[in-house]
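Data file: start_29.tsv. Format and content: TSV, C-alpha atoms.
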```
chain	number	residue	atom	x	y	z
A	1	MET	CA	14.74	-18.78	16.39
A	2	ALA	CA	11.85	-17.60	14.15
A	3	ARG	CA	11.76	-14.95	11.45
A	4	ALA	CA	8.67	-13.07	10.23
A	5	PHE	CA	7.87	-11.58	6.81
A	6	LEU	CA	4.91	-9.18	6.61
A	7	ILE	CA	4.16	-8.48	2.95
A	8	VAL	CA	1.64	-5.84	1.92
A	9	LEU	CA	0.26	-6.01	-1.62
A	10	ASP	CA	-0.77	-2.37	-1.77
A	11	SER	CA	-4.50	-1.95	-2.51
A	12	VAL	CA	-5.25	-5.67	-3.11
A	13	GLY	CA	-8.58	-5.65	-1.28
A	14	CYS	CA	-11.27	-8.32	-1.26
A	15	GLY	CA	-14.52	-6.41	-0.62
A	16	GLY	CA	-17.05	-6.95	2.11
A	17	ALA	CA	-16.28	-4.00	4.40
A	18	PRO	CA	-19.49	-3.43	6.40
A	19	ASP	CA	-18.89	0.34	6.44
A	20	ALA	CA	-18.07	0.64	2.73
A	21	ALA	CA	-21.22	2.67	2.05
A	22	VAL	CA	-20.02	5.38	4.45
A	23	PHE	CA	-17.06	5.89	2.10
A	24	GLY	CA	-19.16	5.65	-1.08
A	25	ASP	CA	-17.75	2.20	-1.83
A	26	ALA	CA	-20.63	-0.23	-1.23
A	27	GLY	CA	-19.97	-3.18	-3.56
A	28	ALA	CA	-16.32	-2.41	-4.29
A	29	ASN	CA	-14.20	-5.57	-4.45
A	30	THR	CA	-10.78	-5.27	-6.07
A	31	LEU	CA	-9.92	-8.96	-6.43
A	32	LEU	CA	-13.40	-10.23	-7.26
A	33	HIS	CA	-13.99	-7.67	-9.99
A	34	ILE	CA	-10.58	-8.25	-11.57
A	35	ALA	CA	-11.26	-12.01	-11.60
A	36	GLU	CA	-14.69	-11.44	-13.15
A	37	ALA	CA	-13.23	-9.20	-15.86
A	38	CYS	CA	-10.61	-11.81	-16.68
A	39	ALA	CA	-13.24	-14.56	-16.83
A	40	ASN	CA	-15.49	-12.63	-19.20
A	41	GLY	CA	-12.66	-11.67	-21.55
A	42	THR	CA	-12.54	-7.93	-20.87
A	43	ALA	CA	-9.03	-7.99	-19.35
A	44	ASP	CA	-7.11	-9.74	-22.13
A	45	GLN	CA	-4.68	-6.89	-22.91
A	46	GLY	CA	-1.19	-8.35	-22.46
A	47	ARG	CA	-2.62	-11.52	-20.95
A	48	LYS	CA	-5.52	-13.87	-21.65
A	49	GLY	CA	-8.27	-15.83	-19.95
A	50	ALA	CA	-9.15	-16.49	-16.34
A	51	LEU	CA	-7.10	-14.88	-13.58
A	52	HIS	CA	-4.26	-17.33	-12.94
A	53	LEU	CA	-2.97	-17.17	-9.34
A	54	PRO	CA	-2.25	-20.81	-8.40
A	55	ASN	CA	0.34	-20.08	-5.72
A	56	LEU	CA	-1.66	-17.45	-3.86
A	57	ASP	CA	-4.74	-19.63	-4.25
A	58	ARG	CA	-2.95	-22.56	-2.63
A	59	LEU	CA	-2.40	-20.26	0.35
A	60	GLY	CA	-6.15	-19.54	0.47
A	61	LEU	CA	-6.69	-16.41	-1.62
A	62	GLY	CA	-9.91	-17.60	-3.28
A	63	ALA	CA	-11.30	-18.72	0.08
A	64	ALA	CA	-10.43	-15.34	1.63
A	65	ILE	CA	-12.29	-13.50	-1.16
A	66	ALA	CA	-15.37	-15.69	-0.69
A	67	LEU	CA	-15.24	-15.27	3.08
A	68	SER	CA	-14.92	-11.50	2.89
A	69	GLY	CA	-17.47	-10.54	0.27
A	70	GLY	CA	-19.67	-13.63	0.07
A	71	GLN	CA	-18.93	-14.34	-3.60
A	72	ALA	CA	-16.52	-16.81	-5.18
A	73	ALA	CA	-13.98	-15.32	-7.59
A	74	PRO	CA	-13.94	-17.02	-11.00
A	75	GLY	CA	-10.83	-19.16	-11.46
A	76	LEU	CA	-10.01	-19.27	-7.74
A	77	SER	CA	-10.95	-21.86	-5.14
A	78	ALA	CA	-13.49	-20.89	-2.51
A	79	THR	CA	-12.90	-24.00	-0.39
A	80	GLY	CA	-9.58	-23.29	1.30
A	81	PRO	CA	-5.87	-23.81	0.67
A	82	ALA	CA	-4.01	-26.96	-0.32
A	83	ALA	CA	-0.60	-25.80	0.93
A	84	GLN	CA	0.59	-27.41	4.15
A	85	GLY	CA	1.34	-24.87	6.86
A	86	SER	CA	-1.03	-22.25	5.46
A	87	PHE	CA	-3.91	-20.30	6.95
A	88	TRP	CA	-6.27	-17.75	5.49
A	89	GLY	CA	-8.83	-15.15	6.44
A	90	ALA	CA	-9.78	-11.53	5.93
A	91	ALA	CA	-9.17	-8.38	7.97
A	92	GLN	CA	-11.36	-5.38	8.63
A	93	GLU	CA	-10.12	-1.84	9.36
A	94	VAL	CA	-11.44	0.35	12.17
A	95	SER	CA	-9.48	3.55	11.40
A	96	ASN	CA	-11.63	6.18	9.73
A	97	GLY	CA	-9.82	6.16	6.42
A	98	LYS	CA	-8.83	4.13	3.40
A	99	ASP	CA	-5.32	5.47	3.01
A	100	THR	CA	-1.82	4.03	3.17
A	101	PRO	CA	-0.69	5.24	6.63
A	102	SER	CA	-3.97	4.25	8.30
A	103	GLY	CA	-3.85	0.76	6.81
A	104	HIS	CA	-0.19	0.11	7.55
A	105	TRP	CA	-0.21	1.55	11.07
A	106	GLU	CA	-3.27	-0.49	11.98
A	107	LEU	CA	-1.73	-3.64	10.49
A	108	ALA	CA	1.26	-2.85	12.71
A	109	GLY	CA	-0.96	-2.70	15.80
A	110	VAL	CA	-1.87	1.00	16.03
A	111	PRO	CA	-5.28	2.16	14.72
A	112	VAL	CA	-5.45	5.87	13.93
A	113	PRO	CA	-7.13	7.66	16.88
A	114	TRP	CA	-8.10	10.81	14.96
A	115	ASP	CA	-9.84	11.83	11.74
A	116	TRP	CA	-7.45	12.95	9.05
A	117	THR	CA	-7.84	16.41	7.53
A	118	LEU	CA	-9.25	16.23	4.01
A	119	PHE	CA	-9.22	19.02	1.46
A	120	PRO	CA	-12.57	20.01	-0.11
A	121	ASP	CA	-13.29	18.84	-3.64
A	122	ARG	CA	-13.48	22.28	-5.17
A	123	GLN	CA	-11.14	24.69	-6.89
A	124	PRO	CA	-9.19	26.13	-5.24
A	125	ALA	CA	-8.88	23.19	-2.86
A	126	PHE	CA	-6.21	24.61	-0.54
A	127	PRO	CA	-6.44	27.44	2.01
A	128	GLU	CA	-4.60	30.64	1.24
A	129	ASP	CA	-2.10	30.28	4.08
A	130	LEU	CA	-1.04	26.84	2.78
A	131	VAL	CA	-0.54	28.21	-0.73
A	132	ALA	CA	1.47	31.09	0.72
A	133	GLU	CA	3.67	28.67	2.67
A	134	VAL	CA	4.38	26.58	-0.43
A	135	CYS	CA	5.29	29.72	-2.36
A	136	ARG	CA	7.55	30.93	0.45
A	137	LEU	CA	9.39	27.63	0.77
A	138	ALA	CA	9.71	27.13	-3.00
A	139	GLY	CA	10.63	30.74	-3.76
A	140	VAL	CA	7.86	31.09	-6.35
A	141	ASP	CA	4.94	33.46	-6.90
A	142	GLY	CA	2.22	30.84	-7.26
A	143	ILE	CA	1.24	27.21	-7.63
A	144	LEU	CA	-0.52	25.23	-10.35
A	145	GLY	CA	-3.33	22.77	-9.91
A	146	ASN	CA	-4.79	23.58	-6.48
A	147	CYS	CA	-7.42	20.88	-7.00
A	148	HIS	CA	-8.44	17.26	-6.60
A	149	ALA	CA	-6.79	15.28	-9.37
A	150	SER	CA	-5.07	12.09	-10.41
A	151	GLY	CA	-1.35	12.32	-11.08
A	152	ILE	CA	-1.04	11.70	-14.81
A	153	PRO	CA	-3.97	13.94	-15.89
A	154	VAL	CA	-2.90	16.84	-13.69
A	155	ILE	CA	0.66	16.77	-15.02
A	156	THR	CA	-0.66	16.56	-18.57
A	157	ARG	CA	-2.88	19.59	-17.95
A	158	PHE	CA	-0.27	21.81	-16.30
A	159	CYS	CA	3.05	20.55	-17.69
A	160	ALA	CA	3.61	23.35	-20.21
A	161	GLU	CA	2.75	26.04	-17.68
A	162	HIS	CA	5.03	24.34	-15.13
A	163	GLN	CA	7.89	24.50	-17.63
A	164	ARG	CA	7.16	28.16	-18.45
A	165	THR	CA	6.68	29.47	-14.88
A	166	GLY	CA	8.62	27.03	-12.70
A	167	TRP	CA	5.63	26.83	-10.37
A	168	PRO	CA	5.01	23.44	-8.70
A	169	ILE	CA	1.89	21.42	-9.52
A	170	CYS	CA	-0.04	20.86	-6.28
A	171	TYR	CA	-3.01	18.54	-5.96
A	172	THR	CA	-4.82	16.21	-3.58
A	173	SER	CA	-7.25	13.30	-3.56
A	174	ALA	CA	-9.96	11.79	-1.37
A	175	ASP	CA	-7.13	10.75	0.99
A	176	SER	CA	-5.41	13.08	3.42
A	177	VAL	CA	-2.53	14.00	1.12
A	178	PHE	CA	-0.84	17.05	-0.37
A	179	GLN	CA	1.02	16.07	-3.53
A	180	ILE	CA	3.56	18.15	-5.41
A	181	ALA	CA	4.57	17.20	-8.95
A	182	ALA	CA	7.63	18.84	-10.47
A	183	HIS	CA	10.12	18.13	-13.24
A	184	GLU	CA	13.44	16.73	-12.04
A	185	GLU	CA	15.37	19.15	-14.29
A	186	TRP	CA	13.16	22.21	-14.79
A	187	PHE	CA	12.36	22.42	-11.07
A	188	GLY	CA	15.06	20.17	-9.62
A	189	LEU	CA	14.71	16.87	-7.78
A	190	GLU	CA	16.55	17.91	-4.63
A	191	ARG	CA	14.62	21.18	-4.56
A	192	LEU	CA	11.33	19.25	-4.78
A	193	LEU	CA	12.33	16.85	-2.00
A	194	LYS	CA	13.44	19.71	0.24
A	195	LEU	CA	10.21	21.60	-0.43
A	196	CYS	CA	8.15	18.58	0.61
A	197	ALA	CA	10.31	17.89	3.67
A	198	ASP	CA	10.09	21.50	4.83
A	199	LEU	CA	6.34	21.68	4.21
A	200	ALA	CA	5.52	18.39	5.94
A	201	PRO	CA	5.63	19.64	9.58
A	202	PHE	CA	3.26	22.52	8.68
A	203	LEU	CA	0.71	20.04	7.31
A	204	HIS	CA	1.26	17.30	9.89
A	205	GLN	CA	0.28	19.81	12.59
A	206	ARG	CA	-3.05	20.05	10.77
A	207	ARG	CA	-3.46	16.25	10.66
A	208	VAL	CA	-2.74	15.95	6.96
A	209	GLY	CA	-1.38	12.44	6.58
A	210	ARG	CA	1.24	12.76	3.87
A	211	VAL	CA	3.13	15.21	1.71
A	212	ILE	CA	4.16	13.37	-1.44
A	213	ALA	CA	6.88	14.40	-3.87
A	214	ARG	CA	5.94	13.31	-7.41
A	215	PRO	CA	8.94	13.96	-9.68
A	216	PHE	CA	8.76	13.41	-13.42
A	217	THR	CA	11.06	13.72	-16.45
A	218	GLY	CA	10.77	14.07	-20.21
A	219	ASP	CA	8.94	16.66	-22.27
A	220	CYS	CA	5.29	17.52	-21.97
A	221	ASP	CA	4.27	15.21	-24.81
A	222	ASN	CA	6.19	12.26	-23.40
A	223	PHE	CA	6.75	12.66	-19.67
A	224	ARG	CA	7.07	9.86	-17.14
A	225	ARG	CA	6.91	9.85	-13.37
A	226	THR	CA	10.10	8.49	-11.86
A	227	ALA	CA	10.89	6.13	-9.00
A	228	ASN	CA	12.22	9.08	-6.96
A	229	ARG	CA	8.81	9.58	-5.37
A	230	ARG	CA	9.07	10.26	-1.65
A	231	ASP	CA	6.33	10.21	0.99
A	232	PHE	CA	6.72	12.45	4.04
A	233	ALA	CA	4.20	10.83	6.37
A	234	HIS	CA	2.80	11.91	9.71
A	235	ALA	CA	4.48	9.92	12.47
A	236	PRO	CA	2.43	7.09	14.02
A	237	PRO	CA	0.64	8.07	17.24
A	238	ALA	CA	2.25	5.23	19.26
A	239	PRO	CA	5.06	2.69	18.84
A	240	THR	CA	4.23	0.19	16.11
A	241	LEU	CA	5.29	-3.37	15.34
A	242	PRO	CA	8.77	-2.49	13.96
A	243	GLU	CA	9.60	-0.37	17.03
A	244	HIS	CA	8.61	-3.15	19.42
A	245	ILE	CA	10.64	-5.73	17.50
A	246	ALA	CA	13.66	-3.41	17.44
A	247	ALA	CA	13.28	-2.66	21.16
A	248	ALA	CA	13.33	-6.40	21.86
A	249	GLY	CA	16.64	-6.71	19.99
A	250	GLY	CA	15.34	-8.02	16.67
A	251	ALA	CA	16.61	-6.82	13.30
A	252	THR	CA	14.07	-4.92	11.21
A	253	HIS	CA	14.09	-4.54	7.43
A	254	GLY	CA	11.75	-2.30	5.41
A	255	ILE	CA	11.26	-3.02	1.70
A	256	GLY	CA	9.86	-0.27	-0.53
A	257	LYS	CA	8.11	2.71	1.05
A	258	ILE	CA	7.84	1.16	4.52
A	259	GLY	CA	10.46	3.60	5.81
A	260	ASP	CA	8.40	6.57	4.59
A	261	ILE	CA	5.12	5.22	6.00
A	262	PHE	CA	6.60	4.72	9.47
A	263	SER	CA	8.88	7.79	9.41
A	264	MET	CA	11.77	5.27	9.75
A	265	ARG	CA	10.70	4.56	13.33
A	266	GLY	CA	11.88	1.07	14.17
A	267	ILE	CA	13.22	0.40	10.65
A	268	GLY	CA	16.82	-0.75	10.95
A	269	LYS	CA	17.62	-1.16	7.25
A	270	LEU	CA	15.72	0.11	4.22
A	271	TRP	CA	15.69	-1.67	0.87
A	272	LYS	CA	14.55	0.49	-2.07
A	273	GLY	CA	14.25	-0.09	-5.82
A	274	GLN	CA	13.08	1.34	-9.12
A	275	SER	CA	10.15	-1.08	-9.42
A	276	ASP	CA	8.26	-3.85	-7.67
A	277	THR	CA	10.48	-6.27	-9.57
A	278	ASP	CA	13.48	-4.78	-7.78
A	279	LEU	CA	11.66	-5.00	-4.45
A	280	PHE	CA	10.83	-8.65	-5.00
A	281	GLU	CA	14.54	-9.37	-5.51
A	282	HIS	CA	15.16	-7.76	-2.11
A	283	LEU	CA	12.50	-10.01	-0.61
A	284	VAL	CA	14.18	-13.08	-2.09
A	285	THR	CA	17.56	-11.91	-0.79
A	286	LEU	CA	16.17	-11.43	2.70
A	287	GLY	CA	14.54	-14.84	2.50
A	288	ASP	CA	18.11	-16.12	2.31
A	289	GLN	CA	19.87	-13.61	4.53
A	290	ALA	CA	17.51	-12.12	7.15
A	291	GLU	CA	18.72	-12.70	10.69
A	292	GLU	CA	17.09	-15.03	13.17
A	293	GLY	CA	14.44	-13.09	15.07
A	294	ALA	CA	14.14	-10.51	12.25
A	295	LEU	CA	11.05	-8.73	10.96
A	296	VAL	CA	10.95	-8.09	7.21
A	297	PHE	CA	8.15	-5.63	6.35
A	298	ALA	CA	7.52	-5.10	2.62
A	299	ASN	CA	5.19	-2.95	0.53
A	300	PHE	CA	4.60	-3.63	-3.17
A	301	VAL	CA	3.13	-0.35	-4.36
A	302	GLU	CA	2.64	-0.76	-8.10
A	303	PHE	CA	-0.68	-2.62	-7.83
A	304	ASP	CA	-2.01	0.66	-6.44
A	305	THR	CA	-0.08	3.34	-8.31
A	306	LEU	CA	0.23	1.86	-11.79
A	307	TYR	CA	-3.04	-0.03	-12.07
A	308	GLY	CA	-5.54	0.79	-9.31
A	309	HIS	CA	-5.65	4.57	-9.58
A	310	PRO	CA	-5.49	4.60	-13.42
A	311	ARG	CA	-8.33	1.99	-13.45
A	312	ASP	CA	-6.30	-0.43	-15.56
A	313	VAL	CA	-8.00	-3.79	-14.97
A	314	ALA	CA	-5.82	-5.81	-17.34
A	315	GLY	CA	-2.65	-4.21	-15.99
A	316	TYR	CA	-3.71	-5.03	-12.43
A	317	ALA	CA	-4.36	-8.65	-13.46
A	318	ARG	CA	-0.94	-8.86	-15.13
A	319	ALA	CA	0.71	-7.52	-11.96
A	320	LEU	CA	-1.07	-10.07	-9.78
A	321	GLU	CA	-0.07	-12.89	-12.12
A	322	TRP	CA	3.54	-11.67	-12.16
A	323	PHE	CA	3.66	-11.68	-8.36
A	324	ASP	CA	2.08	-15.12	-8.16
A	325	ALA	CA	4.51	-16.59	-10.67
A	326	ALA	CA	7.48	-15.11	-8.77
A	327	LEU	CA	6.21	-16.21	-5.36
A	328	PRO	CA	7.78	-19.71	-5.21
A	329	ARG	CA	11.26	-18.14	-5.44
A	330	PHE	CA	10.56	-16.53	-2.07
A	331	LEU	CA	8.55	-19.30	-0.42
A	332	THR	CA	11.23	-21.92	-1.05
A	333	ARG	CA	13.71	-19.78	0.92
A	334	LEU	CA	11.64	-19.87	4.09
A	335	ARG	CA	12.87	-22.09	6.90
A	336	PRO	CA	11.01	-24.18	9.45
A	337	GLY	CA	9.96	-21.75	12.17
A	338	ASP	CA	9.51	-18.82	9.76
A	339	LEU	CA	6.19	-17.08	9.18
A	340	ALA	CA	5.12	-15.19	6.05
A	341	VAL	CA	1.90	-13.17	6.05
A	342	PHE	CA	0.50	-11.65	2.84
A	343	THR	CA	-2.12	-8.93	3.19
A	344	ALA	CA	-3.12	-5.45	1.94
A	345	ASP	CA	-3.72	-1.99	3.38
A	346	HIS	CA	-6.97	-1.02	1.58
A	347	GLY	CA	-8.66	-1.59	-1.77
A	348	ASN	CA	-8.38	0.18	-5.10
A	349	ASP	CA	-10.96	-1.49	-7.32
A	350	PRO	CA	-9.94	-0.75	-10.93
A	351	THR	CA	-13.54	-1.27	-12.07
A	352	TRP	CA	-14.86	1.35	-9.63
A	353	LYS	CA	-15.91	4.91	-10.32
A	354	GLY	CA	-13.33	7.65	-9.92
A	355	THR	CA	-9.64	7.11	-9.27
A	356	GLU	CA	-9.48	6.75	-5.48
A	357	HIS	CA	-8.89	3.96	-2.98
A	358	THR	CA	-11.90	1.85	-2.03
A	359	ARG	CA	-12.94	0.83	1.48
A	360	GLU	CA	-12.62	-2.96	1.60
A	361	ARG	CA	-11.60	-5.83	3.79
A	362	VAL	CA	-8.23	-7.31	2.85
A	363	PRO	CA	-7.05	-10.91	2.53
A	364	VAL	CA	-4.76	-12.38	5.17
A	365	LEU	CA	-2.75	-15.36	3.93
A	366	GLY	CA	-0.22	-17.04	6.16
A	367	PHE	CA	2.46	-19.62	5.45
A	368	ALA	CA	4.64	-21.36	8.04
A	369	PRO	CA	6.79	-24.06	6.41
A	370	GLY	CA	6.67	-27.36	8.21
A	371	ALA	CA	3.66	-26.42	10.33
A	372	ALA	CA	0.35	-28.23	10.23
A	373	PRO	CA	-2.41	-26.61	8.13
A	374	ALA	CA	-4.37	-24.17	10.27
A	375	GLY	CA	-7.25	-23.43	7.89
A	376	SER	CA	-9.52	-20.42	8.25
A	377	ILE	CA	-8.87	-17.73	10.84
A	378	GLY	CA	-12.14	-16.00	9.91
A	379	VAL	CA	-12.66	-12.25	9.70
A	380	ARG	CA	-10.19	-10.48	11.97
A	381	ALA	CA	-9.10	-6.94	12.80
A	382	PHE	CA	-6.21	-5.30	10.97
A	383	ALA	CA	-4.43	-4.98	14.33
A	384	ASP	CA	-4.57	-8.77	14.78
A	385	VAL	CA	-1.99	-9.07	11.99
A	386	GLY	CA	0.68	-7.11	13.84
A	387	THR	CA	-0.12	-8.79	17.14
A	388	SER	CA	0.23	-12.22	15.52
A	389	VAL	CA	3.52	-11.38	13.83
A	390	ALA	CA	4.89	-10.03	17.13
A	391	ALA	CA	3.73	-13.14	18.98
A	392	HIS	CA	5.49	-15.32	16.44
A	393	LEU	CA	8.72	-13.47	17.26
A	394	GLY	CA	8.11	-13.75	21.00
A	395	VAL	CA	7.31	-10.07	21.46
A	396	ALA	CA	4.23	-8.61	23.15
A	397	LEU	CA	2.53	-5.87	21.10
A	398	PRO	CA	0.37	-3.54	23.23
A	399	GLY	CA	-2.92	-2.49	21.74
A	400	PRO	CA	-6.23	-3.88	20.58
A	401	GLY	CA	-4.97	-6.79	18.46
A	402	ARG	CA	-5.50	-10.49	19.24
A	403	SER	CA	-3.15	-13.13	17.90
A	404	PHE	CA	-4.61	-15.68	15.49
A	405	LEU	CA	-1.63	-18.01	15.87
```
Would you mind writing the structure in this file as structure tokens?
Amino acid sequence: MARAFLIVLDSVGCGGAPDAAVFGDAGANTLLHIAEACANGTADQGRKGALHLPNLDRLGLGAAIALSGGQAAPGLSATGPAAQGSFWGAAQEVSNGKDTPSGHWELAGVPVPWDWTLFPDRQPAFPEDLVAEVCRLAGVDGILGNCHASGIPVITRFCAEHQRTGWPICYTSADSVFQIAAHEEWFGLERLLKLCADLAPFLHQRRVGRVIARPFTGDCDNFRRTANRRDFAHAPPAPTLPEHIAAAGGATHGIGKIGDIFSMRGIGKLWKGQSDTDLFEHLVTLGDQAEEGALVFANFVEFDTLYGHPRDVAGYARALEWFDAALPRFLTRLRPGDLAVFTADHGNDPTWKGTEHTRERVPVLGFAPGAAPAGSIGVRAFADVGTSVAAHLGVALPGPGRSFL
């Protein structure tokens, strides 16, 4: 019996979205621009030379980039994969967003049927009743931030006042999110998590996609955000891929923040870690141990959080090269009849203006050991990914997706 591994490289987009201009992202292309920076020597910090991704390229990554955006990425092949049993293409989102829940839900077969609530880019950014609710739940007299911001700069700006007052640092972005940063000791980790959990239903009723706890430690001159981040996401509007697999009797495993994104619906076992390195070890373990008929759904978040939002091109390139070098340890554990699909949920071009996600198509790379090469699947819908994974496991996934298998 088959197994399926759906692996999301968070924010690893490949450009070409026809509606990118609507989101202010015309021309954004995460992978192409990283490859160009590596080729011209402007991404040599901690690495050197052309972007080196031989394993992903053998699965068709370079061809997917060229298909999606119409330009070949330096150092990658634009002619298709050499790996037997592989197929490649690109996927295009229909949900009106470029955020994590929208991308993952649509990959899992359920496009978002509504527009998310976004907070205005002004200060204060939040309505008075929301501020009052945060204060009531936290037992404080006020909040800090109340603005659009990126995580590190906003903590830097308000850290000392946070320590002095005990008020939480609240901020948002171009996505539908309400983020709360607080010190694990001065404010308390469990207190922060409870505050976010209690606040989430209030904001979900208003179609705000996520409440995110952003704990940090250290002093204000040397703080660091910890791996105790927690996303309290709006529940999907309909049963998604994991729920359908579980209902059919298949085991389901979520690696990383998959449990948060899907509100644990359909996720039988969750595998967490302190870093993407830890999560990759879980992927390798499940390559050995996952049950027949199982779905393993993984998210590798650090491409997005550590390198995309901070606009660290060299760091993003290093992370891609790390993943590529580690990849054979997983691929060699796949069995005949298994399917692995590598994709992304949106873009986050580190060469782009600002610090937000970018509207892009995403690569879709498939590997089925022992199968004949399938070649290009063309440009598909996000929902086709979930439908195809379900079909591989012998499960029908209702919705708009069409299988490319």
At a cut-off of 12 Å from (-16.2, 2.2, 8.1) in the coordinates of the file, what residues are picked up using all atoms listed in the file, written as a compact mmCIF listing (two decimals) with C-alpha atoms, in the frame of the given file?
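The result, written out as selection.txt:
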```txt
# COMPACT_ATOMS: atom_id res chain seq x y z
CA GLY A 16 -17.05 -6.95 2.11
CA ALA A 17 -16.28 -4.00 4.40
CA PRO A 18 -19.49 -3.43 6.40
CA ASP A 19 -18.89 0.34 6.44
CA ALA A 20 -18.07 0.64 2.73
CA ALA A 21 -21.22 2.67 2.05
CA VAL A 22 -20.02 5.38 4.45
CA PHE A 23 -17.06 5.89 2.10
CA GLY A 24 -19.16 5.65 -1.08
CA ASP A 25 -17.75 2.20 -1.83
CA ALA A 26 -20.63 -0.23 -1.23
CA GLN A 92 -11.36 -5.38 8.63
CA GLU A 93 -10.12 -1.84 9.36
CA VAL A 94 -11.44 0.35 12.17
CA SER A 95 -9.48 3.55 11.40
CA ASN A 96 -11.63 6.18 9.73
CA GLY A 97 -9.82 6.16 6.42
CA LYS A 98 -8.83 4.13 3.40
CA HIS A 346 -6.97 -1.02 1.58
CA THR A 358 -11.90 1.85 -2.03
CA ARG A 359 -12.94 0.83 1.48
CA GLU A 360 -12.62 -2.96 1.60
CA ARG A 361 -11.60 -5.83 3.79
```
Residue nearest Gly103 in chain A among A:Arg47, A:His357, A:Arg191, A:His148 (counting all atoms listed in the file): A:His357
List the spatial neighbours of Ala63 in chain A as a ChimeraX atom specification - criterion: any atom at most 6 Å away, only C-alpha atoms, same-chain residues fewer than 3 positions off excluded. /A:60,66,78-80
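Considering all atoms listed in the file, the residue among A:Ala383, A:Ala248, A:Leu365, A:Ala83 positioned nearest to Leu61 in chain A is A:Leu365.
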Expressed in Å to a single decimal, how great is the separation between CA of His183 in chain A and CA of Val154 in chain A?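 The value is 13.1 Å.
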Can you work out the spacing between CA of Cys14 in chain A and CA of Val112 in chain A in Å, to one decimal?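 If I compute the distance from CA of Cys14 in chain A to CA of Val112 in chain A, I get 21.6 Å.
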Please determine, counting only C-alpha atoms, which residue among A:Ala298, A:Ala132, A:Ile155, A:Met264 has the shortest atom-to-atom distance to Phe342 in chain A.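 Closest candidate: A:Ala298.
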Point (4.7, 24.2, -3.5) neighbourhood (9 Å, only C-alpha atoms) written as a list in words: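 Output of the proximity query reads Leu130, Val131, Ala132, Glu133, Val134, Cys135, Arg136, Leu137, Ala138, Gly139, Val140, Gly142, Ile143, Leu144, Trp167, Pro168, Ile169, Cys170, Gln179, Ile180, Ala181, Leu192, Leu195, Cys196 and Leu199 of chain A.
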For Phe158 in chain A, which residue out of A:Pro239, A:Gly13, A:Gly145, A:Gly337 is the nearest one, using all atoms listed in the file?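 Result for the nearest residue to Phe158 in chain A: A:Gly145.
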Applying 9 Å and all atoms listed in the file, which residues near Val284 in chain A remain after dropping the ones on its own chain fewer than 4 positions away? List them as a ChimeraX atom specification. /A:279-280,288-289,329-331,333
